[in-house]
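Student: For reference, the structure I am asking about is given below.
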Amino acid sequence: MASIPSSNLIAKPHLLSSSSSSSKLQLFSLSSSSLKTNTSFKSFITHSVARDAPASVTATDAVKKEKGLETDPKVLWERYTEWLYQHKELGLYIDVSRVGFSDEFVKEMEPRFMKAFKDMVELEKGAISNPDEGRMVGHYWLRNPKLAPNSFLRLQIENNIEAISAFADDVVGGKIKPPSSPEGRFTQILSVGIGGSALGPQFVAEALAPDNPPLKIRFIDNTDPAGIDHQIAQLGSELASTLVIVVSKSGGTPETRNGLLEVQKAFREAGLNFSKQGVAITQENSLLDNTARIEGWLARFPMFDWVGGRTSEMSAVGLLAAALQDMVVLPYKDSLLLFSRYLQQLVMESLGKEFDLDGNRVNQGLSVYGNKGSTDQHAYIQQLREGVHNFFATFIEVLRDRPPGHDWELEPGVTCGDYLFGMLQGTRSALYANGRESITVTVQEVTPRSVGALIALYERAVGIYASLVNINAYHQPGVEAGKKAAGEVLALQKRVLSVLNEASCKDPVEPLSIEQVADRCHAPEDIEMIYKIIAHMAANDRAIIAEGDCGSPRSVKVFLGECNVDALY
Ligand SMILES: O=P(O)(O)OC[C@H]1O[C@](O)(CO)[C@@H](O)[C@@H]1O
């Protein structure tokens, strides 16, 4: 086996294209197209507990040979034992034996790996590894502040951890109280944030929070008004004892700002003082930071310039929410459900890049999806095994089924957890039998340590992969295009409203066709968008359709229900 540092994932450029994991095992993989025939998959899964591919599912060896995959079970066992990586201290195993790389390939890749490892050492020492934004990339220091390149940064991290833990203790211990709650202490957390400012805390809460944490957490991670209303309604009278944590590195993300404004409105309507229950986690002097400071919020914690949103779980973003739930070990079913969603952002926002570091167009990227096994076996595994072949799967296996003393045999010799184990092993075998590659990552149980190790593993894998393919993993220029376009739509909506308002203030009211609105907005080229804007406003009772219906755009004539005289001038 080639000498590759044990802390790193073995990868060849297509190897990280997908991953999978479940409660115990989750599954996520590369997107693909249509579903094929519905061969019964379940039957062979249930018959393949802890065995390699049973005869009934062994596909032609030709398929595997064609992919360079080993077919002889003895040689495969040797390959498994030779390549199995174990990190004893973490109780973590990585099995890459079901990926068809050859010794020659590893040899050929060795210099590139060595360069990637060197890049990683430089990155940890504080190199500007995000050149487009001129930033250091320091999320590894959060786990081990001693790695920070200077004592100023080390102290910044350490002081922040201390401040978070003191604040969390005071909240959980009831020293810091909500002003008007009958309970006299905080009982709920409402976390407002999106992308990296939500996914890590969501994943960790789902994986590790006990059934009855001191503070229950819920999230607003979108600008969907109905979703926001639902979260607020669920809080009910407990809004008075809700700690609202607003998370945004930039402090200016519109979805997060909208969530905050909606929550503040709910507080006003309930006669509550938001500032006594609000916490901001953001970069110093951002819009959010300034708002929180001026309004005198309960607390503010910094996000550091050198930590990206999608790698911020070990910063205040993840730590405050975790500390407030007093995390305990609960290796229960489905608890890793959100890992794939978390990784989707980490992998796709980091690796989906148009240009490499030398400016060449490379259109890199790996699609990640999945939920959990064995549930996903009843959804899309059929296609993975038999359909379009452009992915590899990663199984996340958890060895401990339940806390000690809680297991029981639902059939002689077989527990519920044995079934889950069987499903994982069976799926792995069945995929391989049909030439589909997979990696298996195994942890002993779901603990804060193992969850941290999984996050660290993938952060590292993404960083190494980016070096191998020579891209910047730490910026996201593509996201800006969508944000900019959204801003233009809203600006156009304001023009549409102004034109409609003018026509609606006439006596008699002048209903306008879509073409007339587009002309008066001086935006004939945007007519389709104008139609969509009007259809959306009409659906929300903010515009009145005088003629026609939204299904036939050319027939529509529209005006506003009220004339806003002030807006005329
Ligand atoms: O934390 P912020 O600045 O609100 O950004 C939220 C998310 O938006 C992005 O900037 C773009 O999707 C992510 O990288 C980030 O995690």
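Each chain of the structure tokens is named A, B, ... in the order shown, its residues numbered from 1; ligands are numbered from 1 in display order.
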Using only C-alpha atoms, which residues sit within 12 Å of Arg98 of chain A once same-chain residues fewer than 5 positions away are excluded, as a PyMOL selection string?
Tutor: chain A and resi 15+52+64+67-71+73+75-81+83-84+392-395+428-440
Student: Please produce, as JSON lines, a per-residue contact table for segment 71-182 of chain A versus segment 228-240 of chain A (criterion: any atom at most 9 Å away, only C-alpha atoms considered), showing the nearest atom pair and its distance in Å to one decimal, sorted by chain then residue number.
Tutor:
```
{"residue": "A:Pro178", "atom": "CA", "partner": "A:Ala240", "partner_atom": "CA", "distance": 6.9}
{"residue": "A:Pro179", "atom": "CA", "partner": "A:Ala240", "partner_atom": "CA", "distance": 8.0}
{"residue": "A:Ser180", "atom": "CA", "partner": "A:Ala240", "partner_atom": "CA", "distance": 6.1}
{"residue": "A:Ser181", "atom": "CA", "partner": "A:Ala240", "partner_atom": "CA", "distance": 5.1}
{"residue": "A:Pro182", "atom": "CA", "partner": "A:Ala240", "partner_atom": "CA", "distance": 8.2}
```
Student: Please give me, as an MDAnalysis selection string, the residues lying within 9 Å of ligand 1 when counting only C-alpha atoms and all ligand atoms.
Tutor: chainID A and resid 193:199 247:257 282:283 308:312 345:346 349:350 474:480 483
Student: Please dump the current selection as a CSV table (one decimal), in the first residue's frame; keep N, CA, C and O atoms.
Tutor:
```csv
chain,number,residue,atom,x,y,z
A,193,GLY,N,-31.0,31.5,10.3
A,193,GLY,CA,-29.8,31.5,9.5
A,193,GLY,C,-30.0,30.5,8.3
A,193,GLY,O,-31.0,29.8,8.3
A,194,ILE,N,-29.1,30.6,7.4
A,194,ILE,CA,-29.3,29.8,6.2
A,194,ILE,C,-28.0,29.2,5.7
A,194,ILE,O,-26.9,29.8,6.1
A,195,GLY,N,-28.0,28.2,4.9
A,195,GLY,CA,-26.7,27.6,4.4
A,195,GLY,C,-25.9,27.1,5.6
A,195,GLY,O,-26.3,26.5,6.5
A,196,GLY,N,-24.6,27.5,5.5
A,196,GLY,CA,-23.7,27.1,6.6
A,196,GLY,C,-24.0,27.7,7.9
A,196,GLY,O,-23.5,27.2,8.9
A,197,SER,N,-24.9,28.7,7.9
A,197,SER,CA,-25.3,29.3,9.2
A,197,SER,C,-26.5,28.5,9.8
A,197,SER,O,-27.1,29.0,10.8
A,198,ALA,N,-26.9,27.4,9.2
A,198,ALA,CA,-28.0,26.6,9.7
A,198,ALA,C,-27.7,25.1,9.7
A,198,ALA,O,-28.0,24.3,10.6
A,199,LEU,N,-27.0,24.6,8.6
A,199,LEU,CA,-26.9,23.2,8.3
A,199,LEU,C,-26.1,22.4,9.4
A,199,LEU,O,-26.5,21.3,9.8
A,247,VAL,N,-27.9,34.0,13.0
A,247,VAL,CA,-26.6,33.6,12.6
A,247,VAL,C,-26.4,34.0,11.1
A,247,VAL,O,-27.1,33.6,10.2
A,248,SER,N,-25.4,34.8,10.9
A,248,SER,CA,-25.1,35.2,9.5
A,248,SER,C,-23.6,35.7,9.5
A,248,SER,O,-23.4,36.8,10.1
A,249,LYS,N,-22.8,35.0,8.8
A,249,LYS,CA,-21.4,35.5,8.8
A,249,LYS,C,-21.3,36.9,8.2
A,249,LYS,O,-20.8,37.8,8.8
A,250,SER,N,-21.9,37.1,7.0
A,250,SER,CA,-21.9,38.4,6.3
A,250,SER,C,-22.8,39.4,7.1
A,250,SER,O,-22.5,40.6,7.0
A,251,GLY,N,-23.8,38.9,7.7
A,251,GLY,CA,-24.7,39.8,8.4
A,251,GLY,C,-25.6,40.5,7.5
A,251,GLY,O,-26.4,41.4,7.9
A,252,GLY,N,-25.7,40.1,6.2
A,252,GLY,CA,-26.6,40.8,5.3
A,252,GLY,C,-27.3,39.9,4.4
A,252,GLY,O,-27.9,40.3,3.4
A,253,THR,N,-27.4,38.6,4.7
A,253,THR,CA,-28.1,37.6,3.9
A,253,THR,C,-29.6,37.9,3.9
A,253,THR,O,-30.2,37.9,5.0
A,254,PRO,N,-30.3,38.1,2.8
A,254,PRO,CA,-31.7,38.6,2.8
A,254,PRO,C,-32.6,37.6,3.5
A,254,PRO,O,-33.5,38.0,4.3
A,255,GLU,N,-32.4,36.3,3.3
A,255,GLU,CA,-33.4,35.3,3.9
A,255,GLU,C,-33.3,35.4,5.4
A,255,GLU,O,-34.3,35.4,6.1
A,256,THR,N,-32.1,35.6,5.9
A,256,THR,CA,-31.9,35.7,7.4
A,256,THR,C,-32.4,37.0,7.9
A,256,THR,O,-33.1,37.0,8.9
A,257,ARG,N,-32.2,38.1,7.2
A,257,ARG,CA,-32.7,39.3,7.6
A,257,ARG,C,-34.3,39.3,7.7
A,257,ARG,O,-34.9,39.7,8.6
A,282,THR,N,-22.1,36.8,14.2
A,282,THR,CA,-21.8,37.4,13.0
A,282,THR,C,-20.4,38.0,13.0
A,282,THR,O,-19.8,38.1,14.1
A,283,GLN,N,-19.9,38.4,11.9
A,283,GLN,CA,-18.6,39.1,11.8
A,283,GLN,C,-18.8,40.5,12.5
A,283,GLN,O,-19.8,41.2,12.3
A,308,GLY,N,-15.1,30.0,6.9
A,308,GLY,CA,-16.2,30.0,6.0
A,308,GLY,C,-17.5,29.5,6.6
A,308,GLY,O,-17.5,28.7,7.5
A,309,GLY,N,-18.6,30.0,6.0
A,309,GLY,CA,-19.9,29.5,6.6
A,309,GLY,C,-20.1,28.0,6.6
A,309,GLY,O,-20.5,27.5,7.6
A,310,ARG,N,-19.7,27.4,5.6
A,310,ARG,CA,-19.9,25.9,5.5
A,310,ARG,C,-18.9,25.1,6.3
A,310,ARG,O,-19.0,23.9,6.4
A,311,THR,N,-17.9,25.8,6.9
A,311,THR,CA,-17.0,25.1,7.8
A,311,THR,C,-17.0,25.7,9.2
A,311,THR,O,-16.0,25.7,9.9
A,312,SER,N,-18.2,26.2,9.5
A,312,SER,CA,-18.2,27.0,10.8
A,312,SER,C,-18.9,26.2,11.9
A,312,SER,O,-19.2,26.8,13.0
A,345,GLN,N,-23.9,20.9,1.0
A,345,GLN,CA,-23.4,22.3,0.9
A,345,GLN,C,-21.8,22.2,1.0
A,345,GLN,O,-21.2,22.8,0.2
A,346,LEU,N,-21.3,21.5,2.0
A,346,LEU,CA,-19.9,21.5,2.1
A,346,LEU,C,-19.2,21.0,0.8
A,346,LEU,O,-18.2,21.7,0.4
A,349,GLU,N,-20.7,23.4,-2.6
A,349,GLU,CA,-20.3,24.8,-2.7
A,349,GLU,C,-18.8,24.9,-2.7
A,349,GLU,O,-18.3,25.9,-3.3
A,350,SER,N,-18.1,23.9,-2.2
A,350,SER,CA,-16.6,24.0,-2.2
A,350,SER,C,-16.1,23.6,-3.5
A,350,SER,O,-15.1,24.1,-4.0
A,474,TYR,N,-12.8,27.5,-1.2
A,474,TYR,CA,-13.3,28.3,0.0
A,474,TYR,C,-14.1,29.6,-0.4
A,474,TYR,O,-14.3,30.4,0.4
A,475,HIS,N,-14.3,29.7,-1.7
A,475,HIS,CA,-15.2,30.8,-2.1
A,475,HIS,C,-16.5,30.3,-2.8
A,475,HIS,O,-16.6,29.1,-2.9
A,476,GLN,N,-17.4,31.1,-3.2
A,476,GLN,CA,-18.6,30.6,-3.8
A,476,GLN,C,-19.2,31.7,-4.8
A,476,GLN,O,-20.3,32.2,-4.6
A,477,PRO,N,-18.4,32.0,-5.8
A,477,PRO,CA,-18.8,33.1,-6.7
A,477,PRO,C,-20.1,32.8,-7.4
A,477,PRO,O,-20.9,33.7,-7.7
A,478,GLY,N,-20.4,31.5,-7.6
A,478,GLY,CA,-21.6,31.1,-8.3
A,478,GLY,C,-22.9,31.5,-7.6
A,478,GLY,O,-23.9,31.7,-8.2
A,479,VAL,N,-22.8,31.5,-6.3
A,479,VAL,CA,-24.0,31.8,-5.5
A,479,VAL,C,-24.4,33.3,-5.7
A,479,VAL,O,-25.5,33.6,-5.7
A,480,GLU,N,-23.4,34.1,-5.9
A,480,GLU,CA,-23.6,35.5,-6.1
A,480,GLU,C,-24.5,35.8,-7.3
A,480,GLU,O,-25.4,36.7,-7.2
A,483,LYS,N,-28.1,35.5,-6.3
A,483,LYS,CA,-28.5,36.5,-5.3
A,483,LYS,C,-28.7,37.8,-6.1
A,483,LYS,O,-29.6,38.6,-5.8
```
Student: With a distance cut-off of 8 Å and only C-alpha atoms, select the neighbouring residues of Pro511 of chain A, excluding the residue or stretch itself and same-chain residues fewer than 2 positions from it, and output the selection as a ChimeraX atom specification.
Tutor: /A:503-504,509,513,546,557-559
Student: Skipping near chain neighbours, those fewer than 6 positions away, what residues fall within 7 Å of segment 520-535 of chain A using only C-alpha atoms, listed as a ChimeraX atom specification?
Tutor: /A:493,495-496,499,514,550,553
Student: Any chance you could export the current selection's all heavy atoms as a tab-separated table (two decimals), in the first residue's frame?
Tutor:
```tsv
chain	number	residue	atom	x	y	z
A	493	GLN	N	-40.01	44.37	-9.51
A	493	GLN	CA	-41.33	44.33	-8.85
A	493	GLN	C	-41.72	45.72	-8.35
A	493	GLN	O	-42.87	46.13	-8.46
A	493	GLN	CB	-41.30	43.33	-7.70
A	493	GLN	CG	-42.60	43.35	-6.90
A	493	GLN	CD	-42.74	42.15	-5.98
A	493	GLN	OE1	-42.40	41.03	-6.35
A	493	GLN	NE2	-43.23	42.38	-4.78
A	495	ARG	N	-40.85	48.53	-9.66
A	495	ARG	CA	-41.25	49.35	-10.82
A	495	ARG	C	-42.65	48.96	-11.29
A	495	ARG	O	-43.48	49.80	-11.61
A	495	ARG	CB	-40.24	49.18	-11.95
A	495	ARG	CG	-39.02	50.09	-11.76
A	495	ARG	CD	-37.78	49.57	-12.44
A	495	ARG	NE	-37.90	49.48	-13.88
A	495	ARG	CZ	-37.12	48.70	-14.65
A	495	ARG	NH1	-36.20	47.94	-14.07
A	495	ARG	NH2	-37.25	48.67	-15.93
A	496	VAL	N	-42.93	47.65	-11.29
A	496	VAL	CA	-44.25	47.17	-11.69
A	496	VAL	C	-45.31	47.77	-10.76
A	496	VAL	O	-46.34	48.27	-11.21
A	496	VAL	CB	-44.30	45.62	-11.65
A	496	VAL	CG1	-45.73	45.11	-11.80
A	496	VAL	CG2	-43.40	45.03	-12.72
A	499	VAL	N	-45.95	51.39	-11.55
A	499	VAL	CA	-46.76	51.57	-12.78
A	499	VAL	C	-48.22	51.22	-12.50
A	499	VAL	O	-49.14	51.95	-12.87
A	499	VAL	CB	-46.17	50.68	-13.91
A	499	VAL	CG1	-47.16	50.49	-15.04
A	499	VAL	CG2	-44.87	51.29	-14.42
A	514	ILE	N	-50.42	42.90	-19.54
A	514	ILE	CA	-49.01	42.64	-19.19
A	514	ILE	C	-48.08	43.44	-20.12
A	514	ILE	O	-47.08	44.02	-19.69
A	514	ILE	CB	-48.68	41.13	-19.31
A	514	ILE	CG1	-49.68	40.27	-18.54
A	514	ILE	CG2	-47.24	40.83	-18.89
A	514	ILE	CD1	-49.57	40.31	-17.05
A	550	CYS	N	-54.70	34.03	-14.86
A	550	CYS	CA	-53.24	33.93	-14.95
A	550	CYS	C	-52.78	32.78	-15.83
A	550	CYS	O	-51.62	32.75	-16.23
A	550	CYS	CB	-52.64	33.85	-13.55
A	550	CYS	SG	-52.63	35.46	-12.77
A	553	PRO	N	-51.72	34.34	-20.08
A	553	PRO	CA	-51.11	35.65	-19.81
A	553	PRO	C	-51.58	36.78	-20.71
A	553	PRO	O	-51.76	37.90	-20.26
A	553	PRO	CB	-49.62	35.39	-20.03
A	553	PRO	CG	-49.45	33.92	-19.86
A	553	PRO	CD	-50.75	33.28	-20.23
```
Student: Give the strand (DSSP E) residues of segment 129-298 of chain A, as DSSP finds them on the backbone, and put them as a list of chain:residue names.
Tutor: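 Taking segment 129-298 of chain A and keeping strand (DSSP E) gives A:Gln188, A:Ile189, A:Leu190, A:Ser191, A:Val192, A:Lys216, A:Ile217, A:Arg218, A:Phe219, A:Ile220, A:Thr242, A:Leu243, A:Val244, A:Ile245, A:Val246, A:Val247, A:Ser248, A:Gly278, A:Val279, A:Ala280, A:Ile281, A:Thr282.
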Student: Once DSSP has gone over the backbone, tell me which residues of segment 370-468 of chain A are in alpha helix (DSSP H), as a PyMOL selection string.
Tutor: chain A and resi 381-386+416-433+448-468
Student: Atom CA of Gly200 of chain A and atom CA of Phe219 of chain A, how far apart in Å?
Tutor: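 So the answer is 11.7 Å.
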Student: Can you tell me, as a ChimeraX atom specification, what residues are no more than 8 Å from Met348 of chain A when counting only C-alpha atoms, ignoring any on the same chain fewer than 2 positions away?
Tutor: /A:343-346,350-352,365-368
Student: Would you save the residues of that selection, restricted to N, CA and C atoms, as a PDB file, in the first residue's frame?
Tutor:
```
ATOM      1  N   LEU A 343     -23.419  17.764   4.194  1.00  0.00           N
ATOM      2  CA  LEU A 343     -22.320  17.552   3.252  1.00  0.00           C
ATOM      3  C   LEU A 343     -22.629  18.086   1.864  1.00  0.00           C
ATOM      4  N   GLN A 344     -23.918  18.130   1.548  1.00  0.00           N
ATOM      5  CA  GLN A 344     -24.286  18.638   0.223  1.00  0.00           C
ATOM      6  C   GLN A 344     -23.722  20.047   0.040  1.00  0.00           C
ATOM      7  N   GLN A 345     -23.906  20.905   1.049  1.00  0.00           N
ATOM      8  CA  GLN A 345     -23.360  22.259   0.927  1.00  0.00           C
ATOM      9  C   GLN A 345     -21.833  22.226   0.982  1.00  0.00           C
ATOM     10  N   LEU A 346     -21.308  21.463   1.963  1.00  0.00           N
ATOM     11  CA  LEU A 346     -19.853  21.456   2.135  1.00  0.00           C
ATOM     12  C   LEU A 346     -19.163  21.040   0.829  1.00  0.00           C
ATOM     13  N   SER A 350     -18.111  23.942  -2.170  1.00  0.00           N
ATOM     14  CA  SER A 350     -16.645  24.020  -2.173  1.00  0.00           C
ATOM     15  C   SER A 350     -16.056  23.562  -3.508  1.00  0.00           C
ATOM     16  N   LEU A 351     -16.622  22.521  -4.096  1.00  0.00           N
ATOM     17  CA  LEU A 351     -15.980  21.910  -5.267  1.00  0.00           C
ATOM     18  C   LEU A 351     -16.633  22.268  -6.603  1.00  0.00           C
ATOM     19  N   GLY A 352     -17.832  22.823  -6.546  1.00  0.00           N
ATOM     20  CA  GLY A 352     -18.512  23.157  -7.808  1.00  0.00           C
ATOM     21  C   GLY A 352     -17.995  24.465  -8.375  1.00  0.00           C
ATOM     22  N   GLY A 365     -16.946  19.624 -10.001  1.00  0.00           N
ATOM     23  CA  GLY A 365     -18.085  19.507  -9.089  1.00  0.00           C
ATOM     24  C   GLY A 365     -18.500  18.078  -8.846  1.00  0.00           C
ATOM     25  N   LEU A 366     -19.075  17.829  -7.719  1.00  0.00           N
ATOM     26  CA  LEU A 366     -19.584  16.519  -7.353  1.00  0.00           C
ATOM     27  C   LEU A 366     -20.976  16.708  -6.778  1.00  0.00           C
ATOM     28  N   SER A 367     -21.923  15.959  -7.288  1.00  0.00           N
ATOM     29  CA  SER A 367     -23.289  16.102  -6.771  1.00  0.00           C
ATOM     30  C   SER A 367     -23.480  15.165  -5.592  1.00  0.00           C
ATOM     31  N   VAL A 368     -24.018  15.693  -4.535  1.00  0.00           N
ATOM     32  CA  VAL A 368     -24.222  14.887  -3.324  1.00  0.00           C
ATOM     33  C   VAL A 368     -25.703  14.886  -2.977  1.00  0.00           C
TER      34      VAL A 368
END
```
Student: Hey, which of A:Ala168, A:Leu261, A:Leu272, A:Val451 ends up closest to Leu319 of chain A? Count only C-alpha atoms.
Tutor: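 For Leu319 of chain A, the nearest of the given residues is A:Ala168.
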Student: For Glu295 of chain A, list every protein, DNA or RNA residue within 7 Å, evaluated using only C-alpha atoms, and leave out those in the same chain fewer than 3 positions away; present the list as a ChimeraX atom specification.
Tutor: /A:275,291-292
Student: Using atom CA of Lys107 of chain A and atom CA of Asn472 of chain A as the two end points, give the distance in Å to one decimal.
Tutor: 25.0 Å
Student: Would you compute the distance between atom CA of Lys494 of chain A and atom CA of Lys506 of chain A? Give it in Å to one decimal.
Tutor: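 We find that atom CA of Lys494 of chain A and atom CA of Lys506 of chain A lie 18.9 Å from each other.
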